[in-house]
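Structure data (CSV, C-alpha atoms) from model.csv:
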```csv
chain,number,residue,atom,x,y,z
A,1,MET,CA,0.0,0.0,0.0
A,2,ARG,CA,2.7,2.5,1.0
A,3,SER,CA,5.0,1.7,-1.9
A,4,SER,CA,2.1,1.8,-4.3
A,5,SER,CA,1.3,5.3,-3.0
A,6,VAL,CA,4.8,6.4,-3.7
A,7,ALA,CA,4.6,4.9,-7.2
A,8,THR,CA,1.3,6.7,-7.8
A,9,ALA,CA,2.8,10.0,-6.8
A,10,VAL,CA,5.7,9.4,-9.2
A,11,LEU,CA,3.3,8.4,-12.0
A,12,LEU,CA,1.3,11.6,-11.4
A,13,LEU,CA,4.4,13.6,-11.8
A,14,ALA,CA,5.4,11.9,-15.0
A,15,GLY,CA,1.9,12.2,-16.4
A,16,ALA,CA,1.8,15.9,-15.7
A,17,LEU,CA,5.1,16.4,-17.5
A,18,ALA,CA,4.0,14.3,-20.4
A,19,GLY,CA,1.0,16.6,-20.8
A,20,CYS,CA,3.1,19.5,-22.0
A,21,GLN,CA,1.3,21.0,-24.9
A,22,GLU,CA,2.7,22.7,-28.0
A,23,PRO,CA,0.6,25.9,-28.5
A,24,ASP,CA,0.2,27.5,-31.8
A,25,VAL,CA,2.6,30.3,-32.9
A,26,PRO,CA,0.5,33.4,-33.7
A,27,GLU,CA,0.1,34.8,-37.2
A,28,ARG,CA,1.9,38.1,-37.6
A,29,THR,CA,1.3,41.0,-39.9
A,30,GLN,CA,3.1,40.7,-43.2
A,31,PRO,CA,6.4,42.6,-43.0
A,32,TYR,CA,7.7,44.9,-45.8
A,33,GLU,CA,11.2,44.9,-47.3
A,34,PHE,CA,13.7,46.4,-44.9
A,35,ARG,CA,16.5,46.7,-47.5
A,36,LEU,CA,16.5,49.3,-50.3
A,37,SER,CA,16.9,46.3,-52.6
A,38,PRO,CA,16.6,42.6,-51.7
A,39,ALA,CA,20.1,42.1,-53.0
A,40,ASP,CA,21.6,44.6,-50.5
A,41,PRO,CA,23.5,43.5,-47.5
A,42,VAL,CA,21.7,43.5,-44.1
A,43,PHE,CA,22.6,45.7,-41.2
A,44,ARG,CA,21.3,45.4,-37.7
A,45,TRP,CA,22.7,45.9,-34.3
A,46,PRO,CA,24.2,43.0,-32.3
A,47,VAL,CA,21.5,41.4,-30.2
A,48,GLY,CA,21.6,41.7,-26.5
A,49,VAL,CA,23.9,44.7,-26.3
A,50,PRO,CA,22.4,48.2,-25.7
A,51,VAL,CA,22.7,50.6,-28.7
A,52,ARG,CA,24.0,54.0,-27.4
A,53,PHE,CA,22.2,57.0,-28.8
A,54,TRP,CA,23.6,60.5,-28.3
A,55,ALA,CA,21.1,63.3,-28.5
A,56,GLU,CA,22.2,66.9,-28.9
A,57,PRO,CA,21.4,68.3,-25.4
A,58,SER,CA,19.1,71.0,-26.8
A,59,GLY,CA,15.4,71.5,-26.6
A,60,ALA,CA,13.4,68.3,-26.3
A,61,LEU,CA,15.6,66.2,-28.6
A,62,PRO,CA,16.8,63.9,-25.8
A,63,GLU,CA,13.2,63.2,-24.9
A,64,TYR,CA,12.3,62.4,-28.5
A,65,VAL,CA,15.2,60.1,-28.7
A,66,THR,CA,14.3,58.4,-25.4
A,67,THR,CA,10.7,58.0,-26.6
A,68,GLY,CA,11.9,56.6,-29.9
A,69,MET,CA,14.3,54.1,-28.2
A,70,LEU,CA,11.4,52.8,-26.0
A,71,SER,CA,9.0,52.6,-28.9
A,72,TRP,CA,11.3,50.4,-30.9
A,73,ALA,CA,12.4,48.3,-27.9
A,74,ASN,CA,8.7,47.7,-27.2
A,75,GLN,CA,8.4,45.9,-30.6
A,76,PHE,CA,10.4,43.0,-29.3
A,77,LEU,CA,9.7,40.1,-27.0
A,78,TYR,CA,13.1,38.5,-26.6
A,79,GLY,CA,15.5,41.3,-25.9
A,80,GLU,CA,16.7,41.7,-29.5
A,81,PHE,CA,17.2,45.5,-29.3
A,82,TYR,CA,17.3,48.1,-26.6
A,83,GLY,CA,18.9,51.4,-26.5
A,84,GLU,CA,20.4,53.8,-23.9
A,85,LEU,CA,21.1,57.5,-24.0
A,86,ALA,CA,24.9,58.2,-24.1
A,87,SER,CA,26.2,61.2,-22.4
A,88,ASP,CA,29.3,61.3,-24.6
A,89,SER,CA,29.0,61.6,-28.3
A,90,LEU,CA,32.4,59.9,-28.8
A,91,SER,CA,31.2,56.6,-27.3
A,92,ALA,CA,27.8,56.7,-29.1
A,93,ASP,CA,26.7,54.3,-31.9
A,94,VAL,CA,24.1,56.8,-33.2
A,95,LEU,CA,24.3,60.6,-33.1
A,96,VAL,CA,21.1,62.6,-33.3
A,97,SER,CA,21.2,66.4,-33.7
A,98,TYR,CA,19.3,69.4,-35.0
A,99,GLN,CA,20.2,71.1,-38.2
A,100,GLY,CA,19.7,74.8,-37.4
A,101,GLY,CA,19.1,74.6,-33.7
A,102,ALA,CA,16.3,73.7,-31.4
A,103,PRO,CA,12.7,74.9,-31.9
A,104,PRO,CA,10.8,76.8,-29.3
A,105,ASP,CA,9.6,74.6,-26.4
A,106,ALA,CA,6.0,73.3,-26.8
A,107,PRO,CA,4.0,70.5,-25.5
A,108,LEU,CA,3.1,67.5,-27.6
A,109,THR,CA,-0.6,67.4,-28.6
A,110,ASP,CA,-3.0,65.0,-30.3
A,111,ASP,CA,-3.6,67.5,-33.2
A,112,PRO,CA,-3.6,66.0,-36.8
A,113,PRO,CA,0.0,65.6,-38.2
A,114,VAL,CA,1.4,68.5,-40.0
A,115,GLN,CA,4.6,68.1,-42.1
A,116,VAL,CA,6.7,70.9,-40.6
A,117,CYS,CA,10.0,69.1,-40.2
A,118,THR,CA,12.2,66.7,-42.0
A,119,GLY,CA,14.9,64.2,-41.0
A,120,VAL,CA,17.9,62.5,-42.6
A,121,THR,CA,19.7,59.4,-41.5
A,122,THR,CA,23.3,59.2,-42.9
A,123,ILE,CA,24.4,55.6,-43.2
A,124,PRO,CA,28.2,55.5,-43.3
A,125,THR,CA,30.4,53.8,-45.9
A,126,THR,CA,31.7,50.3,-45.2
A,127,GLN,CA,35.1,48.8,-45.4
A,128,ARG,CA,36.4,45.3,-44.8
A,129,ASP,CA,37.9,44.6,-41.4
A,130,GLU,CA,40.8,42.3,-40.6
A,131,ASP,CA,38.6,39.3,-40.8
A,132,GLY,CA,37.2,40.4,-44.2
A,133,ARG,CA,33.8,41.4,-42.8
A,134,LEU,CA,32.0,44.6,-43.9
A,135,ARG,CA,32.0,47.2,-41.2
A,136,TYR,CA,30.8,50.8,-41.0
A,137,THR,CA,33.5,53.3,-40.8
A,138,GLU,CA,31.8,55.7,-38.5
A,139,PRO,CA,28.6,56.1,-36.3
A,140,ILE,CA,25.2,56.5,-37.9
A,141,ARG,CA,24.0,60.1,-37.9
A,142,ILE,CA,20.5,61.4,-37.7
A,143,SER,CA,19.8,65.1,-38.3
A,144,VAL,CA,16.4,66.8,-38.1
A,145,ARG,CA,15.3,70.2,-39.0
A,146,TRP,CA,12.1,72.2,-38.6
A,147,PHE,CA,10.2,75.0,-40.4
A,148,SER,CA,8.3,78.0,-39.0
A,149,ALA,CA,4.9,76.8,-37.8
A,150,ASP,CA,2.8,76.4,-34.7
A,151,PRO,CA,5.3,75.2,-31.9
A,152,SER,CA,3.2,72.2,-31.0
A,153,ASP,CA,3.0,71.1,-34.6
A,154,ILE,CA,6.8,71.3,-34.8
A,155,ALA,CA,7.1,69.3,-31.6
A,156,ASN,CA,4.7,66.6,-32.8
A,157,CYS,CA,6.4,66.5,-36.1
A,158,LEU,CA,9.9,66.2,-34.6
A,159,GLN,CA,8.8,63.4,-32.3
A,160,ARG,CA,7.4,61.4,-35.2
A,161,VAL,CA,10.4,62.0,-37.5
A,162,VAL,CA,13.0,61.2,-34.8
A,163,ALA,CA,11.2,57.9,-34.2
A,164,HIS,CA,11.1,57.3,-38.0
A,165,GLU,CA,14.8,58.1,-38.5
A,166,MET,CA,15.7,55.8,-35.5
A,167,GLY,CA,13.9,53.0,-37.5
A,168,HIS,CA,16.5,53.6,-40.3
A,169,ALA,CA,19.3,53.6,-37.7
A,170,LEU,CA,18.0,50.2,-36.5
A,171,GLY,CA,18.5,48.8,-40.0
A,172,ILE,CA,15.2,49.4,-41.8
A,173,PHE,CA,16.7,51.3,-44.7
A,174,SER,CA,13.6,51.3,-46.9
A,175,HIS,CA,10.3,53.0,-46.5
A,176,SER,CA,7.0,51.2,-45.9
A,177,PRO,CA,4.4,51.3,-48.7
A,178,THR,CA,1.6,51.7,-46.1
A,179,ALA,CA,0.9,55.2,-45.1
A,180,THR,CA,-0.1,54.3,-41.5
A,181,ASP,CA,3.3,52.7,-40.8
A,182,LEU,CA,5.9,54.7,-38.9
A,183,MET,CA,8.4,53.9,-41.6
A,184,ALA,CA,6.2,55.4,-44.4
A,185,LEU,CA,6.6,58.8,-45.9
A,186,PRO,CA,5.3,61.2,-45.0
A,187,VAL,CA,5.4,60.2,-41.3
A,188,VAL,CA,1.9,60.6,-39.9
A,189,VAL,CA,2.0,58.3,-36.8
A,190,ARG,CA,4.1,58.4,-33.6
A,191,GLU,CA,4.5,54.7,-32.9
A,192,PRO,CA,5.6,51.6,-34.9
A,193,SER,CA,2.6,49.8,-36.4
A,194,ARG,CA,2.1,46.0,-36.6
A,195,ALA,CA,3.8,45.9,-39.9
A,196,ASP,CA,6.7,47.9,-38.6
A,197,ARG,CA,6.9,45.4,-35.7
A,198,SER,CA,6.9,42.4,-38.0
A,199,THR,CA,9.5,44.0,-40.2
A,200,VAL,CA,11.9,44.9,-37.4
A,201,GLN,CA,11.4,41.5,-35.7
A,202,LEU,CA,12.3,39.8,-39.1
A,203,LEU,CA,15.3,42.0,-39.4
A,204,TYR,CA,16.6,41.1,-36.0
A,205,HIS,CA,16.2,37.4,-36.7
A,206,THR,CA,18.1,37.8,-40.0
A,207,VAL,CA,21.9,37.2,-40.1
A,208,PRO,CA,23.6,40.6,-40.8
A,209,ASN,CA,26.3,41.2,-43.4
A,210,ILE,CA,27.5,44.5,-42.1
A,211,LEU,CA,28.9,45.1,-38.6
A,212,PRO,CA,28.5,48.4,-36.7
A,213,TYR,CA,31.3,51.0,-36.4
A,214,GLN,CA,33.8,50.2,-33.7
A,215,PRO,CA,35.5,53.3,-32.3
B,1,MET,CA,30.4,29.0,0.9
B,2,ALA,CA,27.4,30.7,-0.8
B,3,MET,CA,25.1,28.6,1.3
B,4,LYS,CA,26.6,29.8,4.6
B,5,ALA,CA,24.5,32.9,5.2
B,6,PRO,CA,21.1,31.3,4.4
B,7,THR,CA,22.0,28.2,6.5
B,8,VAL,CA,22.9,30.4,9.5
B,9,ALA,CA,19.6,32.3,9.0
B,10,ALA,CA,17.7,29.1,8.9
B,11,LEU,CA,19.3,27.8,12.0
B,12,ALA,CA,18.7,31.1,13.8
B,13,ALA,CA,15.0,30.8,12.8
B,14,LEU,CA,15.0,27.3,14.3
B,15,ALA,CA,16.6,28.4,17.5
B,16,THR,CA,14.0,31.3,17.8
B,17,ALA,CA,11.1,28.9,17.2
B,18,ALA,CA,12.3,26.4,19.8
B,19,PRO,CA,10.8,28.0,22.9
B,20,CYS,CA,7.3,27.9,21.4
B,21,SER,CA,4.9,25.5,23.2
B,22,ALA,CA,3.0,24.7,20.0
B,23,GLN,CA,4.3,22.0,17.7
B,24,VAL,CA,6.3,23.6,15.0
B,25,ILE,CA,8.1,22.4,11.9
B,26,ALA,CA,10.7,24.6,10.3
B,27,GLU,CA,12.5,23.7,7.1
B,28,PHE,CA,15.3,25.1,5.0
B,29,ARG,CA,15.9,23.9,1.5
B,30,ALA,CA,18.5,24.4,-1.2
B,31,GLY,CA,18.5,22.8,-4.6
B,32,ALA,CA,17.8,23.4,-8.2
B,33,ASP,CA,14.7,24.2,-10.3
B,34,TRP,CA,14.1,23.2,-13.9
B,35,SER,CA,11.4,24.9,-15.9
B,36,SER,CA,9.7,23.8,-19.1
B,37,VAL,CA,9.6,26.0,-22.2
B,38,LEU,CA,7.6,29.2,-21.7
B,39,VAL,CA,7.3,30.3,-25.3
B,40,THR,CA,7.8,28.7,-28.7
B,41,ASP,CA,7.9,31.1,-31.6
B,42,VAL,CA,8.9,31.2,-35.2
B,43,ILE,CA,10.6,34.3,-36.7
B,44,VAL,CA,12.7,33.1,-39.7
B,45,GLU,CA,13.4,29.9,-37.7
B,46,GLU,CA,11.7,28.2,-34.7
B,47,PHE,CA,13.1,29.0,-31.3
B,48,THR,CA,12.1,28.4,-27.7
B,49,VAL,CA,12.3,30.6,-24.6
B,50,GLN,CA,13.1,28.8,-21.3
B,51,PRO,CA,14.7,29.6,-18.0
B,52,ALA,CA,18.0,27.9,-17.4
B,53,ILE,CA,18.3,25.5,-14.5
B,54,ALA,CA,18.1,27.8,-11.4
B,55,PRO,CA,19.7,27.4,-8.0
B,56,SER,CA,16.9,27.7,-5.5
B,57,LEU,CA,16.4,28.3,-1.8
B,58,GLY,CA,13.4,28.0,0.4
B,59,LEU,CA,12.0,28.2,3.8
B,60,ALA,CA,8.9,26.6,5.2
B,61,VAL,CA,7.1,26.7,8.5
B,62,GLY,CA,4.3,24.3,9.5
B,63,THR,CA,2.5,22.4,12.2
B,64,PRO,CA,1.3,18.8,12.5
B,65,LEU,CA,-2.4,18.1,12.0
B,66,GLY,CA,-2.2,14.7,13.5
B,67,PRO,CA,0.1,11.7,13.5
B,68,LYS,CA,0.2,11.5,9.7
B,69,TYR,CA,-0.6,15.0,8.4
B,70,GLU,CA,0.8,18.4,8.6
B,71,VAL,CA,0.2,21.8,7.0
B,72,ALA,CA,3.0,24.3,6.0
B,73,LEU,CA,3.6,27.6,4.4
B,74,ASP,CA,6.5,27.2,1.9
B,75,VAL,CA,8.3,30.1,0.2
B,76,ARG,CA,10.9,29.6,-2.5
B,77,TRP,CA,13.3,31.7,-4.6
B,78,ALA,CA,15.1,30.7,-7.8
B,79,ARG,CA,17.2,32.8,-10.1
B,80,SER,CA,18.7,32.0,-13.5
B,81,ASP,CA,18.9,33.4,-17.0
B,82,LEU,CA,15.9,33.4,-19.3
B,83,LYS,CA,17.3,32.0,-22.5
B,84,THR,CA,16.3,31.6,-26.1
B,85,LYS,CA,17.4,28.5,-27.9
B,86,GLN,CA,17.5,28.1,-31.6
B,87,ALA,CA,18.9,25.1,-33.5
B,88,ASP,CA,22.3,24.7,-31.8
B,89,SER,CA,22.6,28.2,-30.4
B,90,SER,CA,21.5,29.8,-27.2
B,91,ARG,CA,21.3,33.4,-26.0
B,92,THR,CA,20.5,35.0,-22.7
B,93,ILE,CA,17.5,37.4,-22.8
B,94,ILE,CA,17.4,38.6,-19.2
B,95,PRO,CA,18.2,37.4,-15.7
B,96,LEU,CA,15.0,36.1,-14.2
B,97,THR,CA,14.0,35.5,-10.6
B,98,VAL,CA,11.0,33.3,-9.8
B,99,TRP,CA,9.3,33.5,-6.4
B,100,SER,CA,6.8,30.9,-5.4
B,101,GLY,CA,4.7,30.4,-2.3
B,102,PHE,CA,2.6,27.4,-1.4
B,103,VAL,CA,0.2,26.3,1.3
B,104,VAL,CA,1.0,22.6,1.4
B,105,LEU,CA,-0.6,19.6,3.0
B,106,ARG,CA,1.8,16.8,3.8
B,107,TRP,CA,1.1,13.2,4.4
B,108,ARG,CA,3.6,10.9,6.1
B,109,LEU,CA,3.5,7.6,4.2
B,110,GLN,CA,6.1,5.9,6.3
B,111,GLN,CA,8.6,7.0,8.9
B,112,ARG,CA,10.9,8.2,6.2
B,113,TRP,CA,8.6,9.2,3.3
B,114,LEU,CA,6.4,12.2,2.9
B,115,VAL,CA,4.2,13.3,0.0
B,116,GLN,CA,2.9,16.8,-0.3
B,117,ALA,CA,0.3,18.7,-2.3
B,118,GLY,CA,0.1,22.4,-2.4
B,119,VAL,CA,-1.6,25.4,-4.0
B,120,GLY,CA,-0.1,28.9,-4.2
B,121,ALA,CA,1.3,31.5,-6.5
B,122,VAL,CA,4.3,32.0,-8.7
B,123,LYS,CA,5.8,35.4,-9.5
B,124,TYR,CA,8.2,36.2,-12.3
B,125,ASP,CA,10.6,39.0,-11.5
B,126,PRO,CA,12.9,39.9,-14.4
B,127,SER,CA,15.9,42.2,-14.1
B,128,GLU,CA,15.2,45.8,-14.9
B,129,ASP,CA,18.0,46.3,-17.5
B,130,GLY,CA,16.6,45.8,-21.0
B,131,ARG,CA,13.3,44.6,-19.8
B,132,GLU,CA,11.5,47.0,-22.1
B,133,SER,CA,12.4,44.8,-25.1
B,134,THR,CA,11.2,41.5,-23.5
B,135,MET,CA,7.9,39.8,-23.0
B,136,PHE,CA,8.0,41.2,-19.4
B,137,ARG,CA,7.9,44.8,-20.5
B,138,ASP,CA,4.3,45.5,-19.4
B,139,ASP,CA,3.9,43.1,-16.5
B,140,GLN,CA,5.7,40.7,-14.2
B,141,PRO,CA,3.1,38.0,-14.0
B,142,LEU,CA,1.8,36.5,-10.8
B,143,ARG,CA,0.0,33.2,-11.5
B,144,ALA,CA,-1.8,30.6,-9.4
B,145,THR,CA,0.1,27.3,-9.2
B,146,VAL,CA,-0.4,23.8,-7.9
B,147,GLY,CA,2.3,21.4,-6.9
B,148,LEU,CA,3.1,17.9,-5.8
B,149,ALA,CA,6.3,16.6,-4.1
B,150,ILE,CA,7.7,13.5,-2.6
B,151,ARG,CA,10.4,13.4,0.0
B,152,GLY,CA,12.7,10.8,1.6
B,153,GLU,CA,13.9,11.8,5.0
B,154,TYR,CA,16.6,10.5,7.4
B,155,PRO,CA,16.5,11.4,11.1
B,156,VAL,CA,19.7,13.0,12.3
B,157,SER,CA,18.5,13.5,15.9
B,158,ARG,CA,15.3,13.6,17.8
B,159,SER,CA,14.3,16.9,16.3
B,160,LEU,CA,16.4,17.2,13.2
B,161,ARG,CA,16.0,15.4,9.9
B,162,VAL,CA,17.6,15.8,6.5
B,163,GLY,CA,15.9,14.8,3.3
B,164,ILE,CA,15.8,14.9,-0.5
B,165,ASP,CA,12.7,16.5,-2.0
B,166,LEU,CA,11.5,16.0,-5.6
B,167,GLY,CA,8.7,18.3,-6.6
B,168,TRP,CA,6.6,19.4,-9.5
B,169,SER,CA,4.4,22.4,-10.0
B,170,ALA,CA,2.4,23.8,-12.9
B,171,HIS,CA,0.9,27.1,-13.7
B,172,GLY,CA,-0.5,29.0,-16.7
B,173,PHE,CA,2.2,31.3,-18.2
B,174,THR,CA,1.5,34.4,-20.2
B,175,THR,CA,2.3,38.1,-20.2
B,176,GLN,CA,0.5,41.1,-21.5
B,177,ALA,CA,3.1,41.5,-24.3
B,178,LEU,CA,2.6,37.9,-25.4
B,179,ARG,CA,-1.1,38.2,-25.4
B,180,GLU,CA,-0.9,41.4,-27.5
B,181,GLU,CA,1.3,39.4,-30.0
B,182,GLY,CA,-1.4,36.7,-30.2
B,183,PHE,CA,0.0,34.0,-27.9
B,184,ASP,CA,-2.3,31.9,-25.7
B,185,THR,CA,-1.6,31.0,-22.1
B,186,ARG,CA,0.7,28.0,-21.9
B,187,ILE,CA,1.1,25.5,-19.1
B,188,ALA,CA,4.5,25.9,-17.6
B,189,HIS,CA,5.9,23.0,-15.5
B,190,ARG,CA,8.6,23.3,-12.9
B,191,VAL,CA,10.5,20.5,-11.3
B,192,SER,CA,12.6,21.0,-8.2
B,193,LEU,CA,15.2,18.8,-6.6
B,194,ALA,CA,16.4,20.0,-3.2
B,195,ALA,CA,18.1,18.9,0.0
B,196,VAL,CA,15.9,19.7,3.0
B,197,LEU,CA,16.9,20.4,6.6
B,198,ARG,CA,13.9,19.9,8.8
B,199,TRP,CA,13.6,20.8,12.5
B,200,SER,CA,10.6,20.1,14.6
B,201,ASN,CA,9.6,20.0,18.2
B,202,GLU,CA,7.0,17.3,17.6
B,203,LYS,CA,6.7,14.7,20.3
B,204,GLN,CA,8.1,11.6,18.6
```
Please lay out the structure from this file as structure tokens.
Amino acid sequence: MRSSSVATAVLLLAGALAGCQEPDVPERTQPYEFRLSPADPVFRWPVGVPVRFWAEPSGALPEYVTTGMLSWANQFLYGEFYGELASDSLSADVLVSYQGGAPPDAPLTDDPPVQVCTGVTTIPTTQRDEDGRLRYTEPIRISVRWFSADPSDIANCLQRVVAHEMGHALGIFSHSPTATDLMALPVVVREPSRADRSTVQLLYHTVPNILPYQP
Amino acid sequence: MAMKAPTVAALAALATAAPCSAQVIAEFRAGADWSSVLVTDVIVEEFTVQPAIAPSLGLAVGTPLGPKYEVALDVRWARSDLKTKQADSSRTIIPLTVWSGFVVLRWRLQQRWLVQAGVGAVKYDPSEDGRESTMFRDDQPLRATVGLAIRGEYPVSRSLRVGIDLGWSAHGFTTQALREEGFDTRIAHRVSLAAVLRWSNEKQ
């Protein structure tokens, strides 16, 4: 009786373990092409290491960069990308600055998007390192500029455009064909969409051909 | 050496409990916990997410309910890396602490064998660094859990026993971020193997 009770307990344990189920993997939104051309080499940041963004300490730019880092990090489930704000531009992986100075301070609003700013991400040239791998020769640079308009429209625009340009800095070099994606032009949303999410997830599970700049 | 401080703390707890007139059982445990896969996903290739085998510590306090039964409150801590495994590669996502607490009912089968069943809760507590890009970015789930265990004991003295405890528990695992992505709740299993030091002032 007693030894049979022990055996029953062991069998219960084994039965419970055998009952492990394999749940379905969810369907995801179709990603778009993240390269300018499918034949282009792939760039993405190494997984599991924070990417250091330096933001010109002027106006609300550091806040926009912080928001952008968090927005993109939130698209992942398995720690593929996360960023941190660097205090020193010399140790940064991505440099973000204004072209023409900071705009007047203004709060962000929910007003409809107005295109009163632009941004450019400069992807550096590559060269082969000692091991023959392609590597960027300098940090990625993002520059944003704004035009005369309502200060809140400028702030809203800059936040959207900084997040968009950070998507390029993450390795999404193309633009989405869907207007409601953050990586579309013109930029009309603040956050990455489902398609942006699928695309950046796909990118960070693709083997890269280009390594980041190493100071 | 790493076990020294918790062992001293447990012995101190036992010494403090000794003057009580009620019958008290106090236990300290140290061992290892294994967890089943928490997530299976496919992005380019299939991969799984699973905590590595975790060193674990625990304390329990209980009282006999009769010659064969006892009830106890059992609290455990385990910490390891949450890892993703794909084909033949593995990567750490984030350090992960798992707390669990059970109210357990024990049944003494023989002088040296105990079985135990418990209900309680399990709490996932990931490290803060980089958490925003993980499945734990929006919540650190607290889930109801059930468990079973079997233990073999050896009396060292009238009031002290040592034992080996093999346990299993199960709970539904999900997080808000996983639900948003379209994942269903998955049953997670945990198996623990631990050495137990048990003190009691039971009349034997």
Neighbour list for Phe47 in chain B as a PDB file with C-alpha atoms, keeping the file's coordinate frame, cut-off 9 Å, all atoms listed in the file, skip fewer than 3 positions in-chain:
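Saved the output as out-v5.pdb:
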```pdb
ATOM      1  CA  VAL B  39       7.300  30.300 -25.300  1.00  0.00           C
ATOM      2  CA  THR B  40       7.800  28.700 -28.700  1.00  0.00           C
ATOM      3  CA  ASP B  41       7.900  31.100 -31.600  1.00  0.00           C
ATOM      4  CA  VAL B  42       8.900  31.200 -35.200  1.00  0.00           C
ATOM      5  CA  ILE B  43      10.600  34.300 -36.700  1.00  0.00           C
ATOM      6  CA  THR B  84      16.300  31.600 -26.100  1.00  0.00           C
ATOM      7  CA  LYS B  85      17.400  28.500 -27.900  1.00  0.00           C
ATOM      8  CA  GLN B  86      17.500  28.100 -31.600  1.00  0.00           C
ATOM      9  CA  ALA B  87      18.900  25.100 -33.500  1.00  0.00           C
TER      10      ALA B  87
END
```
May I have the protein, DNA and RNA residues with an atom at most 7 Å from (14.4, 7.6, 7.1), counting all atoms listed in the file in the file's coordinates, returned as an MDAnalysis selection string? chainID B and resid 111:112 152:155
Quick one: which residues from chain A are at most 6 Å off chain B, using only C-alpha atoms, as a count of residues only? 8
Within 10 Å of Pro212 in chain A using all atoms listed in the file, minus same-chain residues under 4 positions, as a ChimeraX atom specification: /A:43-46,93,124,126,134-140
Can you write out the residues you just picked, keeping C-alpha atoms, as a PDB file, keeping the file's coordinate frame?
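And here is the file that came out, out_29.pdb:
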```
ATOM      1  CA  PHE A  43      22.600  45.700 -41.200  1.00  0.00           C
ATOM      2  CA  ARG A  44      21.300  45.400 -37.700  1.00  0.00           C
ATOM      3  CA  TRP A  45      22.700  45.900 -34.300  1.00  0.00           C
ATOM      4  CA  PRO A  46      24.200  43.000 -32.300  1.00  0.00           C
ATOM      5  CA  ASP A  93      26.700  54.300 -31.900  1.00  0.00           C
ATOM      6  CA  PRO A 124      28.200  55.500 -43.300  1.00  0.00           C
ATOM      7  CA  THR A 126      31.700  50.300 -45.200  1.00  0.00           C
ATOM      8  CA  LEU A 134      32.000  44.600 -43.900  1.00  0.00           C
ATOM      9  CA  ARG A 135      32.000  47.200 -41.200  1.00  0.00           C
ATOM     10  CA  TYR A 136      30.800  50.800 -41.000  1.00  0.00           C
ATOM     11  CA  THR A 137      33.500  53.300 -40.800  1.00  0.00           C
ATOM     12  CA  GLU A 138      31.800  55.700 -38.500  1.00  0.00           C
ATOM     13  CA  PRO A 139      28.600  56.100 -36.300  1.00  0.00           C
ATOM     14  CA  ILE A 140      25.200  56.500 -37.900  1.00  0.00           C
TER      15      ILE A 140
END
```
Length of the CA of Val122 in chain B to CA of Gly163 in chain B vector [Å]: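 Distance between the two atoms: 24.0 Å.
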Kindly extract all protein, DNA and RNA residues lying within 12 Å of the coordinates (13.3, 49.6, -44.3) given in the file, considering all atoms listed in the file, and supply them as a ChimeraX atom specification. /A:31-38,40,42-44,164-177,181-185,195-203
Surrounding residues of Val24 in chain B excluding itself and chain neighbours under 4 positions, 7 Å, all atoms listed in the file, as a ChimeraX atom specification: /B:62-63,200-202
Go ahead and save the picked residues with C-alpha atoms, as a CSV table (one decimal), in the coordinates of the input.
```csv
chain,number,residue,atom,x,y,z
B,62,GLY,CA,4.3,24.3,9.5
B,63,THR,CA,2.5,22.4,12.2
B,200,SER,CA,10.6,20.1,14.6
B,201,ASN,CA,9.6,20.0,18.2
B,202,GLU,CA,7.0,17.3,17.6
```
Give me, as JSON, numbers by chain, all polymer residues having an atom no more than 9 Å from Trp199 in chain B, counting only C-alpha atoms and skipping those fewer than 6 positions away in the same chain. {"B": [14, 24, 25, 26, 27, 28, 159, 160, 161, 162]}
Take CA of Asp88 in chain A and CA of Thr66 in chain A and report the distance between them in Å, one decimal.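 Atom-to-atom, CA of Asp88 in chain A to CA of Thr66 in chain A, that is 15.3 Å.
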Which residue gives the smallest distance to Arg194 in chain A among A:Gln75, A:Gln214, A:Thr67, A:Gln99, with only C-alpha atoms counted?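 Result for the nearest residue to Arg194 in chain A: A:Gln75.
Note that CA of Pro141 in chain B and CA of Val65 in chain A are 29.2 Å apart.
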Any idea what's packed within 10 Å of Asp150 in chain A, counting only C-alpha atoms, ignoring anything in its chain fewer than 2 positions away? Could you give it as a compact mmCIF listing (two decimals) with C-alpha atoms, in the coordinates of the input?
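Okay, this is what ended up in result.txt:
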```txt
# COMPACT_ATOMS: atom_id res chain seq x y z
CA PRO A 104 10.80 76.80 -29.30
CA ALA A 106 6.00 73.30 -26.80
CA VAL A 114 1.40 68.50 -40.00
CA VAL A 116 6.70 70.90 -40.60
CA PHE A 147 10.20 75.00 -40.40
CA SER A 148 8.30 78.00 -39.00
CA SER A 152 3.20 72.20 -31.00
CA ASP A 153 3.00 71.10 -34.60
CA ILE A 154 6.80 71.30 -34.80
CA ALA A 155 7.10 69.30 -31.60
```
Choose the residue, out of B:Arg79, B:Arg158, B:Lys68, B:Arg143, that has the smallest atom-to-atom separation from Gly101 in chain B; count only C-alpha atoms. B:Arg143
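In this comparison, which uses all atoms listed in the file, the residue of A:Thr29, A:Ser143, A:Ser87, A:Gln159 approaching Trp54 in chain A most closely is A:Ser87.
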